[in-house]
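Shown here: my_file.cif, mmCIF, N, CA and C atoms.
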data_upload
loop_
_atom_site.label_atom_id
_atom_site.label_comp_id
_atom_site.auth_asym_id
_atom_site.auth_seq_id
_atom_site.Cartn_x
_atom_site.Cartn_y
_atom_site.Cartn_z
N MET A 1 29.19 -7.13 -36.74
CA MET A 1 28.20 -8.10 -36.34
C MET A 1 28.77 -9.00 -35.24
N LYS A 2 30.05 -9.36 -35.39
CA LYS A 2 30.68 -10.22 -34.39
C LYS A 2 30.77 -9.50 -33.04
N ARG A 3 31.02 -8.21 -33.08
CA ARG A 3 31.11 -7.45 -31.83
C ARG A 3 29.77 -7.41 -31.11
N ILE A 4 28.71 -7.25 -31.87
CA ILE A 4 27.38 -7.21 -31.27
C ILE A 4 27.06 -8.55 -30.64
N LEU A 5 27.35 -9.64 -31.32
CA LEU A 5 27.11 -10.96 -30.77
C LEU A 5 27.95 -11.21 -29.52
N LEU A 6 29.19 -10.73 -29.54
CA LEU A 6 30.05 -10.90 -28.38
C LEU A 6 29.50 -10.13 -27.17
N VAL A 7 29.04 -8.92 -27.40
CA VAL A 7 28.47 -8.12 -26.31
C VAL A 7 27.21 -8.79 -25.77
N LEU A 8 26.33 -9.27 -26.65
CA LEU A 8 25.12 -9.96 -26.20
C LEU A 8 25.46 -11.22 -25.42
N LEU A 9 26.48 -11.95 -25.85
CA LEU A 9 26.90 -13.15 -25.15
C LEU A 9 27.41 -12.81 -23.75
N LEU A 10 28.20 -11.75 -23.64
CA LEU A 10 28.72 -11.35 -22.33
C LEU A 10 27.60 -10.91 -21.40
N PHE A 11 26.61 -10.16 -21.90
CA PHE A 11 25.50 -9.74 -21.06
C PHE A 11 24.65 -10.93 -20.62
N SER A 12 24.45 -11.89 -21.51
CA SER A 12 23.62 -13.04 -21.14
C SER A 12 24.32 -13.90 -20.08
N VAL A 13 25.62 -14.04 -20.17
CA VAL A 13 26.37 -14.80 -19.17
C VAL A 13 26.33 -14.06 -17.83
N GLY A 14 26.50 -12.75 -17.85
CA GLY A 14 26.45 -11.96 -16.62
C GLY A 14 25.07 -11.99 -15.99
N TYR A 15 24.05 -11.98 -16.81
CA TYR A 15 22.69 -12.03 -16.30
C TYR A 15 22.42 -13.38 -15.63
N GLY A 16 22.87 -14.45 -16.22
CA GLY A 16 22.70 -15.78 -15.64
C GLY A 16 23.44 -15.92 -14.32
N TYR A 17 24.61 -15.32 -14.21
CA TYR A 17 25.38 -15.39 -12.98
C TYR A 17 24.70 -14.57 -11.88
N ALA A 18 24.13 -13.44 -12.25
CA ALA A 18 23.47 -12.59 -11.26
C ALA A 18 22.24 -13.28 -10.69
N GLN A 19 21.57 -14.11 -11.45
CA GLN A 19 20.40 -14.82 -10.95
C GLN A 19 20.78 -15.88 -9.93
N ASN A 20 21.95 -16.43 -10.03
CA ASN A 20 22.38 -17.51 -9.15
C ASN A 20 23.31 -17.03 -8.04
N TYR A 21 23.58 -15.75 -7.94
CA TYR A 21 24.48 -15.22 -6.95
C TYR A 21 23.82 -15.28 -5.57
N PRO A 22 24.49 -15.83 -4.57
CA PRO A 22 23.87 -15.94 -3.25
C PRO A 22 23.71 -14.56 -2.61
N LYS A 23 22.54 -14.33 -2.01
CA LYS A 23 22.26 -13.04 -1.41
C LYS A 23 23.01 -12.85 -0.10
N TYR A 24 23.15 -13.92 0.65
CA TYR A 24 23.82 -13.85 1.94
C TYR A 24 24.95 -14.87 1.97
N LYS A 25 26.07 -14.47 2.55
CA LYS A 25 27.21 -15.36 2.61
C LYS A 25 27.47 -15.86 4.02
N THR A 26 26.58 -15.59 4.94
CA THR A 26 26.77 -16.00 6.32
C THR A 26 26.24 -17.41 6.53
N LYS A 27 26.81 -18.10 7.49
CA LYS A 27 26.36 -19.45 7.82
C LYS A 27 25.48 -19.45 9.07
N ARG A 28 25.44 -18.31 9.77
CA ARG A 28 24.67 -18.25 11.01
C ARG A 28 23.19 -18.06 10.69
N VAL A 29 22.35 -18.79 11.37
CA VAL A 29 20.92 -18.76 11.11
C VAL A 29 20.31 -17.43 11.54
N LYS A 30 20.79 -16.85 12.63
CA LYS A 30 20.15 -15.64 13.13
C LYS A 30 20.38 -14.44 12.21
N ASP A 31 21.34 -14.51 11.31
CA ASP A 31 21.60 -13.40 10.39
C ASP A 31 20.77 -13.49 9.12
N THR A 32 20.06 -14.54 8.91
CA THR A 32 19.29 -14.68 7.67
C THR A 32 17.95 -13.98 7.77
N VAL A 33 17.33 -13.80 6.66
CA VAL A 33 16.04 -13.11 6.60
C VAL A 33 14.94 -14.00 7.15
N PHE A 34 15.12 -15.29 7.08
CA PHE A 34 14.06 -16.23 7.40
C PHE A 34 13.78 -16.34 8.90
N LYS A 35 14.66 -15.87 9.73
CA LYS A 35 14.50 -16.03 11.17
C LYS A 35 14.46 -14.65 11.82
N GLN A 36 13.34 -13.96 11.75
CA GLN A 36 13.19 -12.65 12.37
C GLN A 36 11.92 -12.68 13.22
N PRO A 37 12.05 -12.95 14.52
CA PRO A 37 10.86 -13.08 15.36
C PRO A 37 10.01 -11.81 15.44
N GLU A 38 10.64 -10.63 15.36
CA GLU A 38 9.83 -9.40 15.44
C GLU A 38 8.92 -9.25 14.22
N LYS A 39 9.35 -9.73 13.06
CA LYS A 39 8.50 -9.69 11.87
C LYS A 39 7.38 -10.71 11.98
N ILE A 40 7.67 -11.85 12.56
CA ILE A 40 6.65 -12.88 12.72
C ILE A 40 5.58 -12.40 13.70
N ALA A 41 5.99 -11.74 14.77
CA ALA A 41 5.03 -11.23 15.75
C ALA A 41 4.12 -10.17 15.13
N GLU A 42 4.67 -9.31 14.28
CA GLU A 42 3.87 -8.28 13.62
C GLU A 42 2.84 -8.91 12.69
N ALA A 43 3.22 -9.97 12.02
CA ALA A 43 2.32 -10.61 11.06
C ALA A 43 1.17 -11.32 11.76
N LYS A 44 1.37 -11.74 13.01
CA LYS A 44 0.34 -12.48 13.73
C LYS A 44 -0.67 -11.58 14.43
N GLU A 45 -0.42 -10.26 14.46
CA GLU A 45 -1.35 -9.35 15.11
C GLU A 45 -2.68 -9.35 14.36
N VAL A 46 -3.75 -9.33 15.12
CA VAL A 46 -5.08 -9.29 14.54
C VAL A 46 -5.51 -7.83 14.45
N LYS A 47 -5.91 -7.43 13.26
CA LYS A 47 -6.34 -6.05 13.08
C LYS A 47 -7.75 -5.89 13.65
N LYS A 48 -7.95 -4.79 14.36
CA LYS A 48 -9.24 -4.52 14.96
C LYS A 48 -10.17 -3.90 13.91
N GLU A 49 -11.45 -4.19 14.06
CA GLU A 49 -12.45 -3.58 13.20
C GLU A 49 -12.65 -2.13 13.62
N PRO A 50 -12.90 -1.25 12.66
CA PRO A 50 -13.17 0.14 13.04
C PRO A 50 -14.49 0.25 13.80
N PRO A 51 -14.64 1.29 14.59
CA PRO A 51 -15.87 1.45 15.37
C PRO A 51 -17.10 1.57 14.46
N ALA A 52 -18.24 1.16 15.00
CA ALA A 52 -19.48 1.15 14.21
C ALA A 52 -19.91 2.57 13.83
N ASP A 53 -19.73 3.54 14.74
CA ASP A 53 -20.15 4.90 14.41
C ASP A 53 -19.29 5.49 13.30
N PHE A 54 -18.01 5.14 13.25
CA PHE A 54 -17.16 5.58 12.15
C PHE A 54 -17.62 4.97 10.84
N MET A 55 -17.88 3.65 10.87
CA MET A 55 -18.30 2.98 9.63
C MET A 55 -19.64 3.52 9.13
N ALA A 56 -20.54 3.89 10.06
CA ALA A 56 -21.82 4.46 9.64
C ALA A 56 -21.61 5.79 8.93
N LEU A 57 -20.75 6.65 9.49
CA LEU A 57 -20.46 7.92 8.84
C LEU A 57 -19.77 7.72 7.50
N TYR A 58 -18.84 6.79 7.45
CA TYR A 58 -18.09 6.52 6.23
C TYR A 58 -19.03 6.06 5.12
N GLU A 59 -19.90 5.13 5.43
CA GLU A 59 -20.84 4.63 4.42
C GLU A 59 -21.84 5.69 4.00
N LYS A 60 -22.28 6.53 4.96
CA LYS A 60 -23.19 7.61 4.63
C LYS A 60 -22.54 8.59 3.66
N ALA A 61 -21.28 8.92 3.91
CA ALA A 61 -20.57 9.83 3.01
C ALA A 61 -20.35 9.21 1.64
N ARG A 62 -20.03 7.91 1.61
CA ARG A 62 -19.87 7.23 0.32
C ARG A 62 -21.18 7.23 -0.47
N ASP A 63 -22.30 7.09 0.22
CA ASP A 63 -23.60 7.15 -0.46
C ASP A 63 -23.84 8.55 -1.03
N PHE A 64 -23.45 9.58 -0.29
CA PHE A 64 -23.57 10.94 -0.82
C PHE A 64 -22.74 11.11 -2.09
N VAL A 65 -21.55 10.54 -2.10
CA VAL A 65 -20.70 10.63 -3.30
C VAL A 65 -21.36 9.89 -4.46
N ARG A 66 -21.89 8.71 -4.20
CA ARG A 66 -22.55 7.95 -5.26
C ARG A 66 -23.75 8.71 -5.84
N ASN A 67 -24.45 9.47 -4.98
CA ASN A 67 -25.61 10.24 -5.42
C ASN A 67 -25.24 11.65 -5.88
N LYS A 68 -23.95 11.93 -5.98
CA LYS A 68 -23.40 13.20 -6.46
C LYS A 68 -23.81 14.39 -5.59
N LYS A 69 -23.88 14.15 -4.28
CA LYS A 69 -24.12 15.22 -3.32
C LYS A 69 -22.79 15.49 -2.60
N PHE A 70 -21.93 16.21 -3.29
CA PHE A 70 -20.55 16.33 -2.83
C PHE A 70 -20.40 17.25 -1.62
N GLU A 71 -21.22 18.29 -1.53
CA GLU A 71 -21.14 19.19 -0.36
C GLU A 71 -21.44 18.43 0.93
N GLU A 72 -22.50 17.61 0.91
CA GLU A 72 -22.87 16.83 2.09
C GLU A 72 -21.80 15.78 2.40
N ALA A 73 -21.23 15.20 1.34
CA ALA A 73 -20.19 14.19 1.52
C ALA A 73 -18.96 14.77 2.20
N ILE A 74 -18.59 15.99 1.83
CA ILE A 74 -17.42 16.63 2.43
C ILE A 74 -17.63 16.83 3.92
N VAL A 75 -18.81 17.28 4.30
CA VAL A 75 -19.11 17.50 5.72
C VAL A 75 -19.05 16.20 6.50
N VAL A 76 -19.65 15.14 5.95
CA VAL A 76 -19.68 13.86 6.65
C VAL A 76 -18.29 13.23 6.70
N PHE A 77 -17.52 13.35 5.61
CA PHE A 77 -16.14 12.84 5.64
C PHE A 77 -15.30 13.57 6.68
N THR A 78 -15.51 14.86 6.85
CA THR A 78 -14.78 15.62 7.86
C THR A 78 -15.14 15.12 9.26
N ASP A 79 -16.42 14.85 9.48
CA ASP A 79 -16.84 14.29 10.78
C ASP A 79 -16.25 12.90 11.00
N ALA A 80 -16.22 12.10 9.94
CA ALA A 80 -15.67 10.75 10.05
C ALA A 80 -14.17 10.78 10.31
N LEU A 81 -13.50 11.79 9.76
CA LEU A 81 -12.05 11.90 9.94
C LEU A 81 -11.70 12.17 11.41
N ALA A 82 -12.58 12.84 12.12
CA ALA A 82 -12.32 13.15 13.53
C ALA A 82 -12.28 11.89 14.39
N ILE A 83 -13.03 10.85 14.02
CA ILE A 83 -13.06 9.63 14.83
C ILE A 83 -12.45 8.43 14.10
N ALA A 84 -11.78 8.68 12.98
CA ALA A 84 -11.24 7.59 12.16
C ALA A 84 -10.07 6.90 12.85
N PRO A 85 -10.00 5.56 12.78
CA PRO A 85 -8.82 4.85 13.24
C PRO A 85 -7.63 5.19 12.31
N PRO A 86 -6.42 5.05 12.80
CA PRO A 86 -5.26 5.42 11.98
C PRO A 86 -5.19 4.70 10.63
N ASP A 87 -5.66 3.45 10.58
CA ASP A 87 -5.61 2.71 9.32
C ASP A 87 -6.57 3.25 8.27
N TRP A 88 -7.59 3.96 8.70
CA TRP A 88 -8.64 4.43 7.79
C TRP A 88 -8.50 5.90 7.42
N GLU A 89 -7.59 6.62 8.06
CA GLU A 89 -7.48 8.05 7.80
C GLU A 89 -7.14 8.35 6.34
N SER A 90 -6.27 7.58 5.75
CA SER A 90 -5.89 7.84 4.36
C SER A 90 -7.06 7.64 3.42
N SER A 91 -7.89 6.65 3.69
CA SER A 91 -9.05 6.42 2.84
C SER A 91 -10.05 7.57 2.94
N VAL A 92 -10.28 8.03 4.16
CA VAL A 92 -11.22 9.15 4.35
C VAL A 92 -10.70 10.40 3.67
N LEU A 93 -9.40 10.68 3.83
CA LEU A 93 -8.81 11.85 3.19
C LEU A 93 -8.87 11.75 1.66
N PHE A 94 -8.66 10.55 1.14
CA PHE A 94 -8.71 10.34 -0.31
C PHE A 94 -10.10 10.66 -0.85
N PHE A 95 -11.12 10.10 -0.22
CA PHE A 95 -12.48 10.31 -0.71
C PHE A 95 -12.95 11.75 -0.47
N ARG A 96 -12.51 12.36 0.61
CA ARG A 96 -12.88 13.76 0.83
C ARG A 96 -12.23 14.65 -0.22
N GLY A 97 -10.98 14.35 -0.57
CA GLY A 97 -10.31 15.11 -1.63
C GLY A 97 -11.00 14.92 -2.98
N ASN A 98 -11.43 13.69 -3.25
CA ASN A 98 -12.17 13.46 -4.49
C ASN A 98 -13.48 14.23 -4.50
N SER A 99 -14.13 14.32 -3.36
CA SER A 99 -15.38 15.07 -3.28
C SER A 99 -15.13 16.55 -3.55
N TYR A 100 -14.03 17.09 -3.02
CA TYR A 100 -13.71 18.48 -3.30
C TYR A 100 -13.47 18.69 -4.80
N SER A 101 -12.74 17.77 -5.42
CA SER A 101 -12.43 17.96 -6.83
C SER A 101 -13.66 17.75 -7.72
N LEU A 102 -14.53 16.82 -7.36
CA LEU A 102 -15.73 16.58 -8.16
C LEU A 102 -16.79 17.65 -7.95
N LYS A 103 -16.72 18.34 -6.83
CA LYS A 103 -17.67 19.42 -6.54
C LYS A 103 -17.54 20.54 -7.58
N GLU A 104 -16.35 20.73 -8.08
CA GLU A 104 -16.08 21.82 -9.02
C GLU A 104 -16.71 21.57 -10.39
N PHE A 105 -16.98 20.33 -10.75
CA PHE A 105 -17.51 20.03 -12.09
C PHE A 105 -18.95 20.16 -12.17
#
Any chance you could put this one into structure tokens?
Amino acid sequence: MKRILLVLLLFSVGYGYAQNYPKYKTKRVKDTVFKQPEKIAEAKEVKKEPPADFMALYEKARDFVRNKKFEEAIVVFTDALAIAPPDWESSVLFFRGNSYSLKEF
């Protein structure tokens, strides 16, 4: 019993020390995580809205999925994928794949 308590005590002390251990030991500001201008510039970029014709196709295909018309949804998702912005390609592929899998049921 004493050995178990000793082991638990050692782990709890080590855990407390790990929480307070400094992540960086440098004194220079430019080496810290908090001062990275390239990350700040990326965060300030404004994301563009997708084109209206893409959104129309995307919503039309989603309506086909909601109405369980999976064949039509696959065709429209394929058309939407051709003009999809890079940020939306994964979403179109995801829903098109779901349409293929739900078509089988």
Show me, as a PyMOL selection string, the residues that have an atom within 12 Å of Ala82 in chain A when counting only C-alpha atoms, minus same-chain residues fewer than 3 positions from it.
chain A and resi 53-54+57-58+75-79+85-86+88-89+92-93
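Between CA of Ala73 in chain A and atom N of Tyr100 in chain A the separation is 8.2 Å.
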So how far away is atom N of Val65 in chain A from CA of Ser91 in chain A, in Å?
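A separation of 14.1 Å between them.
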Selection result of the PyMOL selection byres (((chain A and resi 103 and name CA) around 9) and name CA) on this file, as a ChimeraX atom specification:
/A:68-71,98-102,104-105
Just to confirm, what's the straight-line distance from CA of Phe64 in chain A to atom N of Ser90 in chain A in Å (one decimal)?
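Between these atoms lies a distance of 18.8 Å.
Residue nearest Ile74 in chain A within the list A:Met1, A:Val7, A:Ala61, A:Ala52: A:Ala61 [criterion: smallest interatomic distance, only N, CA and C atoms].
Minimum atom-to-atom distance to Pro50 in chain A, evaluated using only N, CA and C atoms, belongs to A:Ala84 out of A:Arg66, A:Ala84, A:Lys2, A:Phe95.
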At the level of N, CA and C atoms, write range 70-97 of chain A to a file as a PDB file, in the first residue's frame, please.
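The result, written out as result-v6.pdb:
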ATOM      1  N   PHE A  70     -31.458  11.212 -55.510  1.00  0.00           N
ATOM      2  CA  PHE A  70     -30.007  11.132 -55.439  1.00  0.00           C
ATOM      3  C   PHE A  70     -29.334  11.131 -56.802  1.00  0.00           C
ATOM      4  N   GLU A  71     -29.969  10.552 -57.808  1.00  0.00           N
ATOM      5  CA  GLU A  71     -29.381  10.553 -59.163  1.00  0.00           C
ATOM      6  C   GLU A  71     -29.210  11.983 -59.669  1.00  0.00           C
ATOM      7  N   GLU A  72     -30.257  12.809 -59.497  1.00  0.00           N
ATOM      8  CA  GLU A  72     -30.192  14.197 -59.951  1.00  0.00           C
ATOM      9  C   GLU A  72     -29.170  14.986 -59.127  1.00  0.00           C
ATOM     10  N   ALA A  73     -29.102  14.671 -57.835  1.00  0.00           N
ATOM     11  CA  ALA A  73     -28.154  15.364 -56.956  1.00  0.00           C
ATOM     12  C   ALA A  73     -26.717  15.088 -57.376  1.00  0.00           C
ATOM     13  N   ILE A  74     -26.428  13.856 -57.771  1.00  0.00           N
ATOM     14  CA  ILE A  74     -25.067  13.497 -58.184  1.00  0.00           C
ATOM     15  C   ILE A  74     -24.667  14.296 -59.422  1.00  0.00           C
ATOM     16  N   VAL A  75     -25.577  14.414 -60.368  1.00  0.00           N
ATOM     17  CA  VAL A  75     -25.286  15.163 -61.597  1.00  0.00           C
ATOM     18  C   VAL A  75     -25.030  16.633 -61.286  1.00  0.00           C
ATOM     19  N   VAL A  76     -25.869  17.221 -60.440  1.00  0.00           N
ATOM     20  CA  VAL A  76     -25.722  18.646 -60.119  1.00  0.00           C
ATOM     21  C   VAL A  76     -24.468  18.886 -59.277  1.00  0.00           C
ATOM     22  N   PHE A  77     -24.171  17.981 -58.338  1.00  0.00           N
ATOM     23  CA  PHE A  77     -22.938  18.123 -57.553  1.00  0.00           C
ATOM     24  C   PHE A  77     -21.708  18.028 -58.452  1.00  0.00           C
ATOM     25  N   THR A  78     -21.737  17.186 -59.467  1.00  0.00           N
ATOM     26  CA  THR A  78     -20.616  17.079 -60.394  1.00  0.00           C
ATOM     27  C   THR A  78     -20.442  18.386 -61.171  1.00  0.00           C
ATOM     28  N   ASP A  79     -21.557  18.978 -61.592  1.00  0.00           N
ATOM     29  CA  ASP A  79     -21.478  20.278 -62.275  1.00  0.00           C
ATOM     30  C   ASP A  79     -20.954  21.367 -61.339  1.00  0.00           C
ATOM     31  N   ALA A  80     -21.403  21.333 -60.090  1.00  0.00           N
ATOM     32  CA  ALA A  80     -20.953  22.332 -59.118  1.00  0.00           C
ATOM     33  C   ALA A  80     -19.471  22.165 -58.802  1.00  0.00           C
ATOM     34  N   LEU A  81     -18.995  20.930 -58.829  1.00  0.00           N
ATOM     35  CA  LEU A  81     -17.584  20.677 -58.533  1.00  0.00           C
ATOM     36  C   LEU A  81     -16.676  21.299 -59.598  1.00  0.00           C
ATOM     37  N   ALA A  82     -17.160  21.384 -60.819  1.00  0.00           N
ATOM     38  CA  ALA A  82     -16.348  21.960 -61.899  1.00  0.00           C
ATOM     39  C   ALA A  82     -16.074  23.442 -61.685  1.00  0.00           C
ATOM     40  N   ILE A  83     -16.981  24.155 -61.021  1.00  0.00           N
ATOM     41  CA  ILE A  83     -16.793  25.599 -60.820  1.00  0.00           C
ATOM     42  C   ILE A  83     -16.605  25.956 -59.343  1.00  0.00           C
ATOM     43  N   ALA A  84     -16.401  24.950 -58.491  1.00  0.00           N
ATOM     44  CA  ALA A  84     -16.304  25.181 -57.048  1.00  0.00           C
ATOM     45  C   ALA A  84     -15.011  25.902 -56.683  1.00  0.00           C
ATOM     46  N   PRO A  85     -15.081  26.879 -55.760  1.00  0.00           N
ATOM     47  CA  PRO A  85     -13.867  27.473 -55.223  1.00  0.00           C
ATOM     48  C   PRO A  85     -13.108  26.423 -54.392  1.00  0.00           C
ATOM     49  N   PRO A  86     -11.819  26.586 -54.228  1.00  0.00           N
ATOM     50  CA  PRO A  86     -11.036  25.578 -53.496  1.00  0.00           C
ATOM     51  C   PRO A  86     -11.550  25.301 -52.078  1.00  0.00           C
ATOM     52  N   ASP A  87     -12.099  26.311 -51.411  1.00  0.00           N
ATOM     53  CA  ASP A  87     -12.590  26.108 -50.051  1.00  0.00           C
ATOM     54  C   ASP A  87     -13.844  25.241 -49.999  1.00  0.00           C
ATOM     55  N   TRP A  88     -14.562  25.152 -51.099  1.00  0.00           N
ATOM     56  CA  TRP A  88     -15.841  24.438 -51.125  1.00  0.00           C
ATOM     57  C   TRP A  88     -15.748  23.061 -51.758  1.00  0.00           C
ATOM     58  N   GLU A  89     -14.614  22.716 -52.344  1.00  0.00           N
ATOM     59  CA  GLU A  89     -14.500  21.436 -53.033  1.00  0.00           C
ATOM     60  C   GLU A  89     -14.731  20.253 -52.103  1.00  0.00           C
ATOM     61  N   SER A  90     -14.214  20.319 -50.903  1.00  0.00           N
ATOM     62  CA  SER A  90     -14.381  19.198 -49.977  1.00  0.00           C
ATOM     63  C   SER A  90     -15.845  18.998 -49.604  1.00  0.00           C
ATOM     64  N   SER A  91     -16.572  20.083 -49.444  1.00  0.00           N
ATOM     65  CA  SER A  91     -17.988  19.973 -49.108  1.00  0.00           C
ATOM     66  C   SER A  91     -18.780  19.351 -50.254  1.00  0.00           C
ATOM     67  N   VAL A  92     -18.490  19.776 -51.468  1.00  0.00           N
ATOM     68  CA  VAL A  92     -19.191  19.218 -52.631  1.00  0.00           C
ATOM     69  C   VAL A  92     -18.878  17.735 -52.778  1.00  0.00           C
ATOM     70  N   LEU A  93     -17.605  17.370 -52.618  1.00  0.00           N
ATOM     71  CA  LEU A  93     -17.226  15.961 -52.721  1.00  0.00           C
ATOM     72  C   LEU A  93     -17.875  15.123 -51.624  1.00  0.00           C
ATOM     73  N   PHE A  94     -17.973  15.686 -50.427  1.00  0.00           N
ATOM     74  CA  PHE A  94     -18.596  14.971 -49.312  1.00  0.00           C
ATOM     75  C   PHE A  94     -20.062  14.670 -49.617  1.00  0.00           C
ATOM     76  N   PHE A  95     -20.796  15.683 -50.041  1.00  0.00           N
ATOM     77  CA  PHE A  95     -22.216  15.484 -50.301  1.00  0.00           C
ATOM     78  C   PHE A  95     -22.451  14.618 -51.543  1.00  0.00           C
ATOM     79  N   ARG A  96     -21.583  14.721 -52.528  1.00  0.00           N
ATOM     80  CA  ARG A  96     -21.726  13.854 -53.698  1.00  0.00           C
ATOM     81  C   ARG A  96     -21.473  12.398 -53.313  1.00  0.00           C
ATOM     82  N   GLY A  97     -20.484  12.172 -52.455  1.00  0.00           N
ATOM     83  CA  GLY A  97     -20.226  10.815 -51.973  1.00  0.00           C
ATOM     84  C   GLY A  97     -21.388  10.275 -51.154  1.00  0.00           C
TER      85      GLY A  97
END
